[in-house]
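Structure file model-v4.txt with compact mmCIF, C-alpha atoms:
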# COMPACT_ATOMS: atom_id res chain seq x y z
CA MET A 1 4.19 17.25 -22.16
CA LEU A 2 1.96 15.00 -20.16
CA GLU A 3 1.24 16.39 -16.70
CA ARG A 4 -1.40 15.72 -14.03
CA LYS A 5 -1.88 17.54 -10.78
CA SER A 6 -3.75 16.26 -7.73
CA SER A 7 -4.75 18.29 -4.70
CA ILE A 8 -4.35 16.17 -1.60
CA GLU A 9 -6.59 16.82 1.38
CA ASN A 10 -8.10 13.49 2.32
CA GLU A 11 -7.95 9.75 1.82
CA LEU A 12 -10.02 9.83 -1.35
CA ASP A 13 -7.46 12.18 -2.90
CA ILE A 14 -4.77 9.57 -2.20
CA ILE A 15 -6.64 7.08 -4.39
CA ALA A 16 -7.25 9.67 -7.11
CA ALA A 17 -3.56 10.69 -7.12
CA ARG A 18 -2.28 7.16 -7.45
CA ARG A 19 -4.80 6.39 -10.19
CA ARG A 20 -3.63 9.45 -12.14
CA ALA A 21 0.00 8.48 -11.63
CA LYS A 22 -0.71 5.00 -12.90
CA GLU A 23 -2.44 6.43 -15.97
CA VAL A 24 0.53 8.68 -16.74
CA ALA A 25 2.97 5.81 -16.22
CA GLU A 26 0.91 3.58 -18.48
CA GLU A 27 0.69 6.24 -21.17
CA LEU A 28 4.47 6.71 -21.05
CA GLY A 29 4.90 2.99 -21.61
CA PHE A 30 6.21 1.97 -18.20
CA SER A 31 6.02 -1.75 -17.42
CA THR A 32 3.24 -3.09 -15.22
CA VAL A 33 5.68 -3.54 -12.34
CA ASP A 34 6.89 0.05 -12.71
CA GLN A 35 3.30 1.29 -12.78
CA VAL A 36 2.68 -0.43 -9.45
CA ARG A 37 5.99 0.89 -8.05
CA ILE A 38 5.10 4.46 -9.03
CA ALA A 39 1.49 4.23 -7.80
CA THR A 40 2.68 2.77 -4.50
CA ALA A 41 5.27 5.53 -4.03
CA ILE A 42 2.51 8.09 -4.69
CA SER A 43 0.29 6.37 -2.15
CA GLU A 44 2.99 6.73 0.54
CA LEU A 45 3.79 10.36 -0.34
CA ALA A 46 0.13 11.37 -0.51
CA ARG A 47 -0.61 9.71 2.81
CA ASN A 48 2.23 11.65 4.39
CA ILE A 49 0.60 14.88 3.21
CA VAL A 50 -2.76 13.88 4.75
CA LEU A 51 -1.10 12.69 7.97
CA TYR A 52 1.35 15.49 8.59
CA ALA A 53 0.62 18.53 6.42
CA LYS A 54 -3.18 18.14 6.08
CA GLU A 55 -3.07 19.49 2.55
CA GLY A 56 -0.75 19.74 -0.38
CA SER A 57 -0.37 18.73 -3.99
CA ILE A 58 1.23 16.10 -6.15
CA VAL A 59 2.18 16.65 -9.78
CA VAL A 60 3.11 13.74 -12.01
CA ARG A 61 4.70 14.59 -15.33
CA ALA A 62 6.58 13.18 -18.25
CA LEU A 63 10.31 13.64 -18.29
CA ARG A 64 12.74 13.57 -21.18
CA GLU A 65 16.52 13.79 -21.05
CA GLY A 66 18.17 13.03 -24.37
CA ASP A 67 16.99 9.55 -25.30
CA ARG A 68 15.85 8.75 -21.83
CA GLN A 69 12.19 8.91 -20.99
CA GLY A 70 10.86 9.03 -17.50
CA LEU A 71 8.37 10.29 -15.01
CA GLU A 72 8.72 12.92 -12.32
CA ILE A 73 6.75 13.26 -9.11
CA LEU A 74 6.61 16.69 -7.46
CA VAL A 75 5.19 16.79 -3.95
CA ALA A 76 4.56 20.11 -2.24
CA ASP A 77 2.94 21.07 1.03
CA ASN A 78 2.99 23.95 3.49
CA GLY A 79 2.95 21.68 6.50
CA PRO A 80 5.19 21.62 9.57
CA GLY A 81 8.23 20.30 7.70
CA ILE A 82 10.29 17.26 8.69
CA PRO A 83 12.47 17.94 11.78
CA ASN A 84 15.02 15.24 10.96
CA VAL A 85 15.00 14.02 7.36
CA GLU A 86 17.66 11.38 7.96
CA LEU A 87 15.58 9.88 10.74
CA ALA A 88 12.39 10.09 8.68
CA MET A 89 14.16 8.18 5.91
CA THR A 90 15.10 5.39 8.30
CA ASP A 91 13.24 2.10 8.04
CA GLY A 92 10.89 1.57 10.94
CA TYR A 93 10.88 5.15 12.20
CA SER A 94 7.36 6.59 12.43
CA THR A 95 5.71 9.35 14.42
CA SER A 96 2.22 8.28 13.34
CA GLY A 97 2.12 4.67 14.58
CA GLY A 98 2.72 3.34 11.08
CA LEU A 99 5.35 0.87 9.94
CA GLY A 100 7.87 3.61 9.23
CA ALA A 101 8.15 2.36 5.67
CA GLY A 102 6.52 5.19 3.75
CA LEU A 103 9.35 7.59 2.97
CA PRO A 104 12.21 5.06 2.82
CA GLY A 105 9.99 2.70 0.83
CA ALA A 106 8.97 5.37 -1.67
CA ARG A 107 12.64 6.32 -2.10
CA ARG A 108 13.60 2.75 -2.95
CA LEU A 109 10.79 2.45 -5.49
CA MET A 110 12.05 5.50 -7.40
CA ASP A 111 15.42 6.08 -9.13
CA THR A 112 16.13 9.49 -7.59
CA PHE A 113 14.53 11.08 -4.57
CA ARG A 114 15.19 14.53 -3.11
CA VAL A 115 13.59 16.01 -0.03
CA ASP A 116 13.63 19.75 0.68
CA THR A 117 12.03 20.64 3.95
CA GLN A 118 11.94 23.64 6.24
CA LEU A 119 10.44 23.65 9.69
CA GLY A 120 7.22 25.62 9.75
CA GLN A 121 7.41 26.20 5.99
CA GLY A 122 6.67 22.90 4.37
CA THR A 123 8.16 20.06 2.41
CA LYS A 124 8.98 19.56 -1.25
CA ILE A 125 9.92 16.22 -2.70
CA VAL A 126 11.12 15.55 -6.24
CA ALA A 127 11.33 11.92 -7.30
CA ARG A 128 12.13 10.47 -10.69
CA LYS A 129 11.75 7.13 -12.35
CA TRP A 130 13.39 6.37 -15.68
CA LYS A 131 12.07 3.87 -18.16
CA ALA A 132 14.11 0.69 -18.24
CA MET B 1 -17.68 -1.12 1.46
CA GLN B 2 -19.22 -4.61 1.43
CA GLN B 3 -18.96 -4.53 -2.34
CA GLN B 4 -15.28 -3.75 -2.24
CA ALA B 5 -14.41 -6.52 0.16
CA PRO B 6 -17.12 -9.15 0.55
CA ILE B 7 -16.55 -11.64 3.36
CA LEU B 8 -17.89 -15.10 2.53
CA LYS B 9 -17.96 -18.41 4.38
CA ILE B 10 -17.29 -21.85 2.92
CA ASP B 11 -17.46 -24.81 5.33
CA ASP B 12 -16.25 -23.00 8.41
CA TYR B 13 -13.60 -20.98 6.61
CA TRP B 14 -13.92 -17.28 5.99
CA ILE B 15 -12.88 -15.87 2.63
CA ALA B 16 -12.38 -12.16 2.12
CA SER B 17 -11.68 -10.91 -1.37
CA VAL B 18 -10.28 -7.42 -1.46
CA GLN B 19 -11.11 -5.63 -4.69
CA GLY B 20 -10.00 -2.54 -6.53
CA SER B 21 -8.72 0.46 -4.61
CA LEU B 22 -9.37 0.69 -0.91
CA HIS B 23 -8.98 3.98 0.88
CA ASP B 24 -7.79 4.05 4.46
CA GLN B 25 -11.22 4.15 6.05
CA ASP B 26 -12.30 1.15 3.94
CA VAL B 27 -9.24 -0.74 5.14
CA ILE B 28 -10.08 0.01 8.79
CA GLU B 29 -13.73 -1.01 8.31
CA PHE B 30 -12.60 -4.16 6.50
CA LYS B 31 -10.40 -5.09 9.46
CA GLU B 32 -13.24 -4.58 11.93
CA ALA B 33 -15.74 -6.50 9.79
CA LEU B 34 -13.29 -9.40 9.47
CA LEU B 35 -12.59 -9.59 13.18
CA SER B 36 -16.29 -9.66 14.04
CA LYS B 37 -16.79 -12.54 11.58
CA ILE B 38 -13.87 -14.69 12.64
CA MET B 39 -14.70 -14.43 16.33
CA GLN B 40 -17.73 -16.62 15.66
CA PRO B 41 -17.23 -19.97 17.42
CA GLU B 42 -17.32 -22.14 14.31
CA SER B 43 -14.49 -20.23 12.57
CA LYS B 44 -11.67 -22.47 11.44
CA GLY B 45 -9.62 -19.99 9.48
CA LEU B 46 -9.47 -17.00 7.19
CA VAL B 47 -8.12 -16.49 3.68
CA ILE B 48 -7.61 -12.92 2.50
CA ASP B 49 -7.52 -12.95 -1.27
CA LEU B 50 -5.64 -10.07 -2.90
CA THR B 51 -5.92 -11.26 -6.53
CA VAL B 52 -7.80 -8.19 -7.75
CA LEU B 53 -6.31 -5.56 -5.45
CA ASP B 54 -4.52 -2.79 -7.36
CA LEU B 55 -1.69 -2.16 -4.91
CA VAL B 56 -0.48 -2.84 -1.39
CA ASP B 57 1.22 0.06 0.38
CA SER B 58 2.60 0.33 3.91
CA PHE B 59 -0.84 1.12 5.35
CA VAL B 60 -2.44 -2.00 3.87
CA THR B 61 0.57 -4.05 4.94
CA LYS B 62 0.23 -2.80 8.49
CA THR B 63 -3.46 -3.73 8.46
CA LEU B 64 -2.70 -7.24 7.20
CA ILE B 65 -0.11 -7.68 9.95
CA ASP B 66 -2.62 -6.37 12.53
CA ILE B 67 -5.38 -8.71 11.32
CA ARG B 68 -3.05 -11.67 11.45
CA GLY B 69 -1.88 -10.73 14.97
CA LEU B 70 -5.41 -10.29 16.32
CA ALA B 71 -6.66 -13.47 14.62
CA LYS B 72 -3.74 -15.36 16.12
CA LEU B 73 -4.75 -14.18 19.58
CA MET B 74 -8.20 -15.56 18.85
CA GLY B 75 -6.71 -18.84 17.65
CA VAL B 76 -7.81 -18.40 14.05
CA PRO B 77 -5.18 -19.06 11.35
CA VAL B 78 -4.89 -16.56 8.48
CA VAL B 79 -3.53 -17.07 4.98
CA ILE B 80 -2.94 -14.26 2.47
CA ALA B 81 -3.56 -15.50 -1.06
CA GLY B 82 -3.24 -14.29 -4.62
CA MET B 83 -0.65 -11.55 -4.34
CA SER B 84 0.29 -10.51 -7.89
CA PRO B 85 3.97 -10.47 -8.95
CA PRO B 86 4.12 -6.63 -9.31
CA ILE B 87 2.75 -6.17 -5.79
CA ALA B 88 5.11 -8.79 -4.36
CA ILE B 89 8.10 -7.15 -6.08
CA THR B 90 7.06 -3.70 -4.85
CA LEU B 91 6.65 -4.87 -1.25
CA VAL B 92 10.05 -6.55 -1.21
CA GLU B 93 11.73 -3.46 -2.68
CA MET B 94 10.08 -1.24 -0.10
CA GLY B 95 11.50 -3.45 2.62
CA LEU B 96 8.04 -4.47 3.80
CA SER B 97 8.05 -8.07 4.80
CA LEU B 98 5.00 -10.10 5.59
CA GLU B 99 7.21 -12.23 7.79
CA GLY B 100 5.27 -14.61 9.94
CA ILE B 101 2.25 -14.39 7.68
CA ASP B 102 1.21 -17.54 5.85
CA THR B 103 0.78 -16.99 2.12
CA ALA B 104 -0.55 -19.01 -0.78
CA LEU B 105 -0.44 -18.66 -4.55
CA ASN B 106 -4.22 -18.55 -4.91
CA LEU B 107 -7.48 -18.94 -3.02
CA GLN B 108 -7.68 -22.73 -3.52
CA LYS B 109 -4.16 -23.24 -2.19
CA GLY B 110 -4.93 -20.91 0.68
CA LEU B 111 -7.94 -22.98 1.67
CA ASP B 112 -5.94 -26.21 1.29
CA LYS B 113 -3.31 -24.77 3.58
CA LEU B 114 -5.89 -23.94 6.25
CA ARG B 115 -7.46 -27.40 5.98
CA ASN B 116 -4.05 -29.02 6.47
CA THR B 117 -3.33 -26.74 9.44
CA GLY B 118 -6.63 -27.92 10.92
CA LYS B 119 -5.65 -31.58 10.52
CA GLU B 120 -2.33 -31.12 12.24
CA ARG B 121 -4.01 -29.91 15.38
I need this file expressed as structure tokens, please.
Amino acid sequence: MLERKSSIENELDIIAARRRAKEVAEELGFSTVDQVRIATAISELARNIVLYAKEGSIVVRALREGDRQGLEILVADNGPGIPNVELAMTDGYSTSGGLGAGLPGARRLMDTFRVDTQLGQGTKIVARKWKA
Amino acid sequence: MQQQAPILKIDDYWIASVQGSLHDQDVIEFKEALLSKIMQPESKGLVIDLTVLDLVDSFVTKTLIDIRGLAKLMGVPVVIAGMSPPIAITLVEMGLSLEGIDTALNLQKGLDKLRNTGKER
């Protein structure tokens, strides 16, 4: 199965991760709009790693469930964790001076989005997008 | 950096074409370069052309909003031109609005818009 992993430590890694995600999405036959949706979601998730956790990783891989084909994003870091996930998922809430659109925006661009976070331990996010 | 986002001048209008993939530091430098250009006394307006940009995320959106806000304080109108349909769809779905920012289908229409704004004054 198609799978690409990106280590995220700086801004250049954000670009590399979204390029890889776009390549995987293209190879799986996602539409151009979906490719941009997925790459944009990756951009937000990767930036969060750089901003809050300093380092982490993003895996993008092919997904198959019966006849359905899709793509899965696995984000993992050992950062400080998210104190209040509900708040972090709220539009306009940011602790970094941003627009507060990263996490809620990424969630809306994907079909499913799950955040597992523990204070002082890190954050794991699993997001899926199915082919239309 | 200059190669990724050249800033050109036609008549007294600035045109910035953002190309390829910009990383965050590029975006910040781009903003600073733009502001130093448009503060020149002859500036009549600025078109930021996104035709060949690969994606617009919340960071780029914030920068566009910032540029527009700062330019407005300086009295220089800004038009964002050439946003591709996939990028427009993605921004809307993310809930990112470019509300208050003038937009145009392409560079030519962006320039026309600025020229008309100039006439109204």
Give me the chain B side of the contact with chain A, cut-off 12 Å, one line per residue showing its nearest atom pair and distance in Å at one decimal, counting only C-alpha atoms, sorted by chain and residue number, as JSON lines.
{"residue": "B:Gly20", "atom": "CA", "partner": "A:Ile15", "partner_atom": "CA", "distance": 10.4}
{"residue": "B:Ser21", "atom": "CA", "partner": "A:Ile15", "partner_atom": "CA", "distance": 6.9}
{"residue": "B:Leu22", "atom": "CA", "partner": "A:Ile15", "partner_atom": "CA", "distance": 7.8}
{"residue": "B:His23", "atom": "CA", "partner": "A:Glu11", "partner_atom": "CA", "distance": 5.9}
{"residue": "B:Asp24", "atom": "CA", "partner": "A:Glu11", "partner_atom": "CA", "distance": 6.3}
{"residue": "B:Gln25", "atom": "CA", "partner": "A:Glu11", "partner_atom": "CA", "distance": 7.7}
{"residue": "B:Asp26", "atom": "CA", "partner": "A:Glu11", "partner_atom": "CA", "distance": 9.9}
{"residue": "B:Val27", "atom": "CA", "partner": "A:Glu11", "partner_atom": "CA", "distance": 11.1}
{"residue": "B:Leu53", "atom": "CA", "partner": "A:Val36", "partner_atom": "CA", "distance": 11.1}
{"residue": "B:Asp54", "atom": "CA", "partner": "A:Val36", "partner_atom": "CA", "distance": 7.9}
{"residue": "B:Leu55", "atom": "CA", "partner": "A:Val36", "partner_atom": "CA", "distance": 6.5}
{"residue": "B:Val56", "atom": "CA", "partner": "A:Thr40", "partner_atom": "CA", "distance": 7.2}
{"residue": "B:Asp57", "atom": "CA", "partner": "A:Thr40", "partner_atom": "CA", "distance": 5.8}
{"residue": "B:Ser58", "atom": "CA", "partner": "A:Ala101", "partner_atom": "CA", "distance": 6.2}
{"residue": "B:Phe59", "atom": "CA", "partner": "A:Gly98", "partner_atom": "CA", "distance": 7.1}
{"residue": "B:Val60", "atom": "CA", "partner": "A:Leu99", "partner_atom": "CA", "distance": 10.3}
{"residue": "B:Thr61", "atom": "CA", "partner": "A:Leu99", "partner_atom": "CA", "distance": 8.5}
{"residue": "B:Lys62", "atom": "CA", "partner": "A:Leu99", "partner_atom": "CA", "distance": 6.5}
{"residue": "B:Thr63", "atom": "CA", "partner": "A:Gly98", "partner_atom": "CA", "distance": 9.7}
{"residue": "B:Leu64", "atom": "CA", "partner": "A:Leu99", "partner_atom": "CA", "distance": 11.8}
{"residue": "B:Ile65", "atom": "CA", "partner": "A:Leu99", "partner_atom": "CA", "distance": 10.1}
{"residue": "B:Asp66", "atom": "CA", "partner": "A:Leu99", "partner_atom": "CA", "distance": 11.1}
{"residue": "B:Ser84", "atom": "CA", "partner": "A:Val33", "partner_atom": "CA", "distance": 9.9}
{"residue": "B:Pro85", "atom": "CA", "partner": "A:Val33", "partner_atom": "CA", "distance": 7.9}
{"residue": "B:Pro86", "atom": "CA", "partner": "A:Val33", "partner_atom": "CA", "distance": 4.6}
{"residue": "B:Ile87", "atom": "CA", "partner": "A:Val36", "partner_atom": "CA", "distance": 6.8}
{"residue": "B:Ala88", "atom": "CA", "partner": "A:Val33", "partner_atom": "CA", "distance": 9.6}
{"residue": "B:Ile89", "atom": "CA", "partner": "A:Val33", "partner_atom": "CA", "distance": 7.6}
{"residue": "B:Thr90", "atom": "CA", "partner": "A:Arg37", "partner_atom": "CA", "distance": 5.7}
{"residue": "B:Leu91", "atom": "CA", "partner": "A:Gly105", "partner_atom": "CA", "distance": 8.5}
{"residue": "B:Val92", "atom": "CA", "partner": "A:Gly105", "partner_atom": "CA", "distance": 9.5}
{"residue": "B:Glu93", "atom": "CA", "partner": "A:Arg108", "partner_atom": "CA", "distance": 6.5}
{"residue": "B:Met94", "atom": "CA", "partner": "A:Gly105", "partner_atom": "CA", "distance": 4.0}
{"residue": "B:Gly95", "atom": "CA", "partner": "A:Gly105", "partner_atom": "CA", "distance": 6.6}
{"residue": "B:Leu96", "atom": "CA", "partner": "A:Ala101", "partner_atom": "CA", "distance": 7.1}
{"residue": "B:Ser97", "atom": "CA", "partner": "A:Ala101", "partner_atom": "CA", "distance": 10.5}
{"residue": "B:Leu98", "atom": "CA", "partner": "A:Leu99", "partner_atom": "CA", "distance": 11.8}
Q: Anything within 12 Å of (12.0, 19.6, 4.0): list those residues as number ranges by chain, counting only C-alpha atoms and sticking to the file's coordinates.
A: A: 53, 75-86, 88-89, 114-126
So how many Å separate CA of Lys37 (chain B) and CA of Val78 (chain B), to one decimal?
->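 One can read the CA of Lys37 (chain B) to CA of Val78 (chain B) distance as 12.9 Å.
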Note to self: With only C-alpha atoms as the counted atoms, please give the residues lying no more than 9 Å from Ser57 (chain A), apart from itself and same-chain residues fewer than 3 positions off, as a list in words.
What the structure shows: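 In the requested format, the answer is Lys5, Ser6, Ser7, Ile8, Glu9, Ala46, Ile49, Leu74, Val75, Ala76 and Asp77 of chain A.
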Checklist line | Closest of B:Leu34, B:Ile101, B:Met39, B:Leu50 to Val18 (chain B) - atom-to-atom distances counting all atoms listed in the file | finding: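 Of B:Leu34, B:Ile101, B:Met39, B:Leu50, the one nearest Val18 (chain B) is B:Leu50, counting all atoms listed in the file.
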Practice problem: Identify the residues around (-11.5, -21.5, -3.8) within a radius of 12 Å, measuring from only C-alpha atoms in the coordinates stated by the file, and give them as a PyMOL selection string. | Solution: chain B and resi 8-11+13-17+47-49+51+81-82+104-114
Emit the selected residues as a PDB file, in the coordinates of the input, including C-alpha atoms.
ATOM      1  CA  LEU B   8     -17.890 -15.100   2.530  1.00  0.00           C
ATOM      2  CA  LYS B   9     -17.960 -18.410   4.380  1.00  0.00           C
ATOM      3  CA  ILE B  10     -17.290 -21.850   2.920  1.00  0.00           C
ATOM      4  CA  ASP B  11     -17.460 -24.810   5.330  1.00  0.00           C
ATOM      5  CA  TYR B  13     -13.600 -20.980   6.610  1.00  0.00           C
ATOM      6  CA  TRP B  14     -13.920 -17.280   5.990  1.00  0.00           C
ATOM      7  CA  ILE B  15     -12.880 -15.870   2.630  1.00  0.00           C
ATOM      8  CA  ALA B  16     -12.380 -12.160   2.120  1.00  0.00           C
ATOM      9  CA  SER B  17     -11.680 -10.910  -1.370  1.00  0.00           C
ATOM     10  CA  VAL B  47      -8.120 -16.490   3.680  1.00  0.00           C
ATOM     11  CA  ILE B  48      -7.610 -12.920   2.500  1.00  0.00           C
ATOM     12  CA  ASP B  49      -7.520 -12.950  -1.270  1.00  0.00           C
ATOM     13  CA  THR B  51      -5.920 -11.260  -6.530  1.00  0.00           C
ATOM     14  CA  ALA B  81      -3.560 -15.500  -1.060  1.00  0.00           C
ATOM     15  CA  GLY B  82      -3.240 -14.290  -4.620  1.00  0.00           C
ATOM     16  CA  ALA B 104      -0.550 -19.010  -0.780  1.00  0.00           C
ATOM     17  CA  LEU B 105      -0.440 -18.660  -4.550  1.00  0.00           C
ATOM     18  CA  ASN B 106      -4.220 -18.550  -4.910  1.00  0.00           C
ATOM     19  CA  LEU B 107      -7.480 -18.940  -3.020  1.00  0.00           C
ATOM     20  CA  GLN B 108      -7.680 -22.730  -3.520  1.00  0.00           C
ATOM     21  CA  LYS B 109      -4.160 -23.240  -2.190  1.00  0.00           C
ATOM     22  CA  GLY B 110      -4.930 -20.910   0.680  1.00  0.00           C
ATOM     23  CA  LEU B 111      -7.940 -22.980   1.670  1.00  0.00           C
ATOM     24  CA  ASP B 112      -5.940 -26.210   1.290  1.00  0.00           C
ATOM     25  CA  LYS B 113      -3.310 -24.770   3.580  1.00  0.00           C
ATOM     26  CA  LEU B 114      -5.890 -23.940   6.250  1.00  0.00           C
TER      27      LEU B 114
END
Work out how far CA of Met110 (chain A) is from CA of Met1 (chain A), in Å to one decimal.
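Separation between CA of Met1 (chain A) and CA of Met110 (chain A): 20.4 Å.
Of the residues under consideration (B:Val52, B:Ala5, B:Leu46, B:Met74), B:Leu46 shows the shortest atom-to-atom contact distance to Asp102 (chain B) when counting all atoms listed in the file.
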Repaired coordinates for region 48-77 of chain A (N, CA and C atoms) as a short mmCIF file (atom, residue, chain, number, x, y, z; two decimals), in the coordinates of the input:
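Final file, out_12.cif:
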data_model
loop_
_atom_site.label_atom_id
_atom_site.label_comp_id
_atom_site.auth_asym_id
_atom_site.auth_seq_id
_atom_site.Cartn_x
_atom_site.Cartn_y
_atom_site.Cartn_z
N ASN A 48 1.44 10.76 3.52
CA ASN A 48 2.23 11.65 4.39
C ASN A 48 1.66 13.06 4.41
N ILE A 49 1.22 13.53 3.25
CA ILE A 49 0.60 14.88 3.21
C ILE A 49 -0.62 14.91 4.12
N VAL A 50 -1.52 13.91 3.95
CA VAL A 50 -2.76 13.88 4.75
C VAL A 50 -2.43 13.77 6.24
N LEU A 51 -1.44 12.92 6.56
CA LEU A 51 -1.10 12.69 7.97
C LEU A 51 -0.44 13.89 8.63
N TYR A 52 0.50 14.49 7.93
CA TYR A 52 1.35 15.49 8.59
C TYR A 52 1.07 16.93 8.17
N ALA A 53 0.76 17.14 6.89
CA ALA A 53 0.62 18.53 6.42
C ALA A 53 -0.84 18.93 6.24
N LYS A 54 -1.73 17.92 6.27
CA LYS A 54 -3.18 18.14 6.08
C LYS A 54 -3.54 18.41 4.62
N GLU A 55 -2.79 19.29 3.97
CA GLU A 55 -3.07 19.49 2.55
C GLU A 55 -1.81 19.81 1.76
N GLY A 56 -1.90 19.51 0.49
CA GLY A 56 -0.75 19.74 -0.38
C GLY A 56 -1.11 19.31 -1.78
N SER A 57 -0.07 19.13 -2.62
CA SER A 57 -0.37 18.73 -3.99
C SER A 57 0.70 17.78 -4.51
N ILE A 58 0.30 17.00 -5.49
CA ILE A 58 1.23 16.10 -6.15
C ILE A 58 1.07 16.26 -7.66
N VAL A 59 2.18 16.55 -8.32
CA VAL A 59 2.18 16.65 -9.78
C VAL A 59 2.96 15.46 -10.32
N VAL A 60 2.40 14.83 -11.33
CA VAL A 60 3.11 13.74 -12.01
C VAL A 60 3.28 14.16 -13.45
N ARG A 61 4.52 14.14 -13.94
CA ARG A 61 4.70 14.59 -15.33
C ARG A 61 5.78 13.81 -16.08
N ALA A 62 5.63 13.87 -17.39
CA ALA A 62 6.58 13.18 -18.25
C ALA A 62 7.91 13.90 -18.20
N LEU A 63 8.96 13.12 -18.40
CA LEU A 63 10.31 13.64 -18.29
C LEU A 63 11.11 13.14 -19.49
N ARG A 64 11.91 14.03 -20.07
CA ARG A 64 12.74 13.57 -21.18
C ARG A 64 14.14 14.16 -21.04
N GLU A 65 15.14 13.33 -21.16
CA GLU A 65 16.52 13.79 -21.05
C GLU A 65 17.30 13.06 -22.12
N GLY A 66 17.53 13.71 -23.25
CA GLY A 66 18.17 13.03 -24.37
C GLY A 66 17.26 11.91 -24.85
N ASP A 67 17.78 10.70 -24.87
CA ASP A 67 16.99 9.55 -25.30
C ASP A 67 16.17 8.96 -24.17
N ARG A 68 16.52 9.37 -22.97
CA ARG A 68 15.85 8.75 -21.83
C ARG A 68 14.47 9.35 -21.60
N GLN A 69 13.53 8.46 -21.31
CA GLN A 69 12.19 8.91 -20.99
C GLN A 69 11.86 8.50 -19.57
N GLY A 70 11.17 9.37 -18.88
CA GLY A 70 10.86 9.03 -17.50
C GLY A 70 9.65 9.77 -16.98
N LEU A 71 9.52 9.68 -15.68
CA LEU A 71 8.37 10.29 -15.01
C LEU A 71 8.86 10.98 -13.74
N GLU A 72 8.30 12.16 -13.50
CA GLU A 72 8.72 12.92 -12.32
C GLU A 72 7.53 13.16 -11.40
N ILE A 73 7.78 12.99 -10.12
CA ILE A 73 6.75 13.26 -9.11
C ILE A 73 7.19 14.50 -8.33
N LEU A 74 6.31 15.49 -8.25
CA LEU A 74 6.61 16.69 -7.46
C LEU A 74 5.59 16.79 -6.33
N VAL A 75 6.08 16.71 -5.11
CA VAL A 75 5.19 16.79 -3.95
C VAL A 75 5.43 18.12 -3.27
N ALA A 76 4.38 18.83 -2.93
CA ALA A 76 4.56 20.11 -2.24
C ALA A 76 3.49 20.29 -1.18
N ASP A 77 3.93 20.71 0.00
CA ASP A 77 2.94 21.07 1.03
C ASP A 77 3.48 22.21 1.86
#
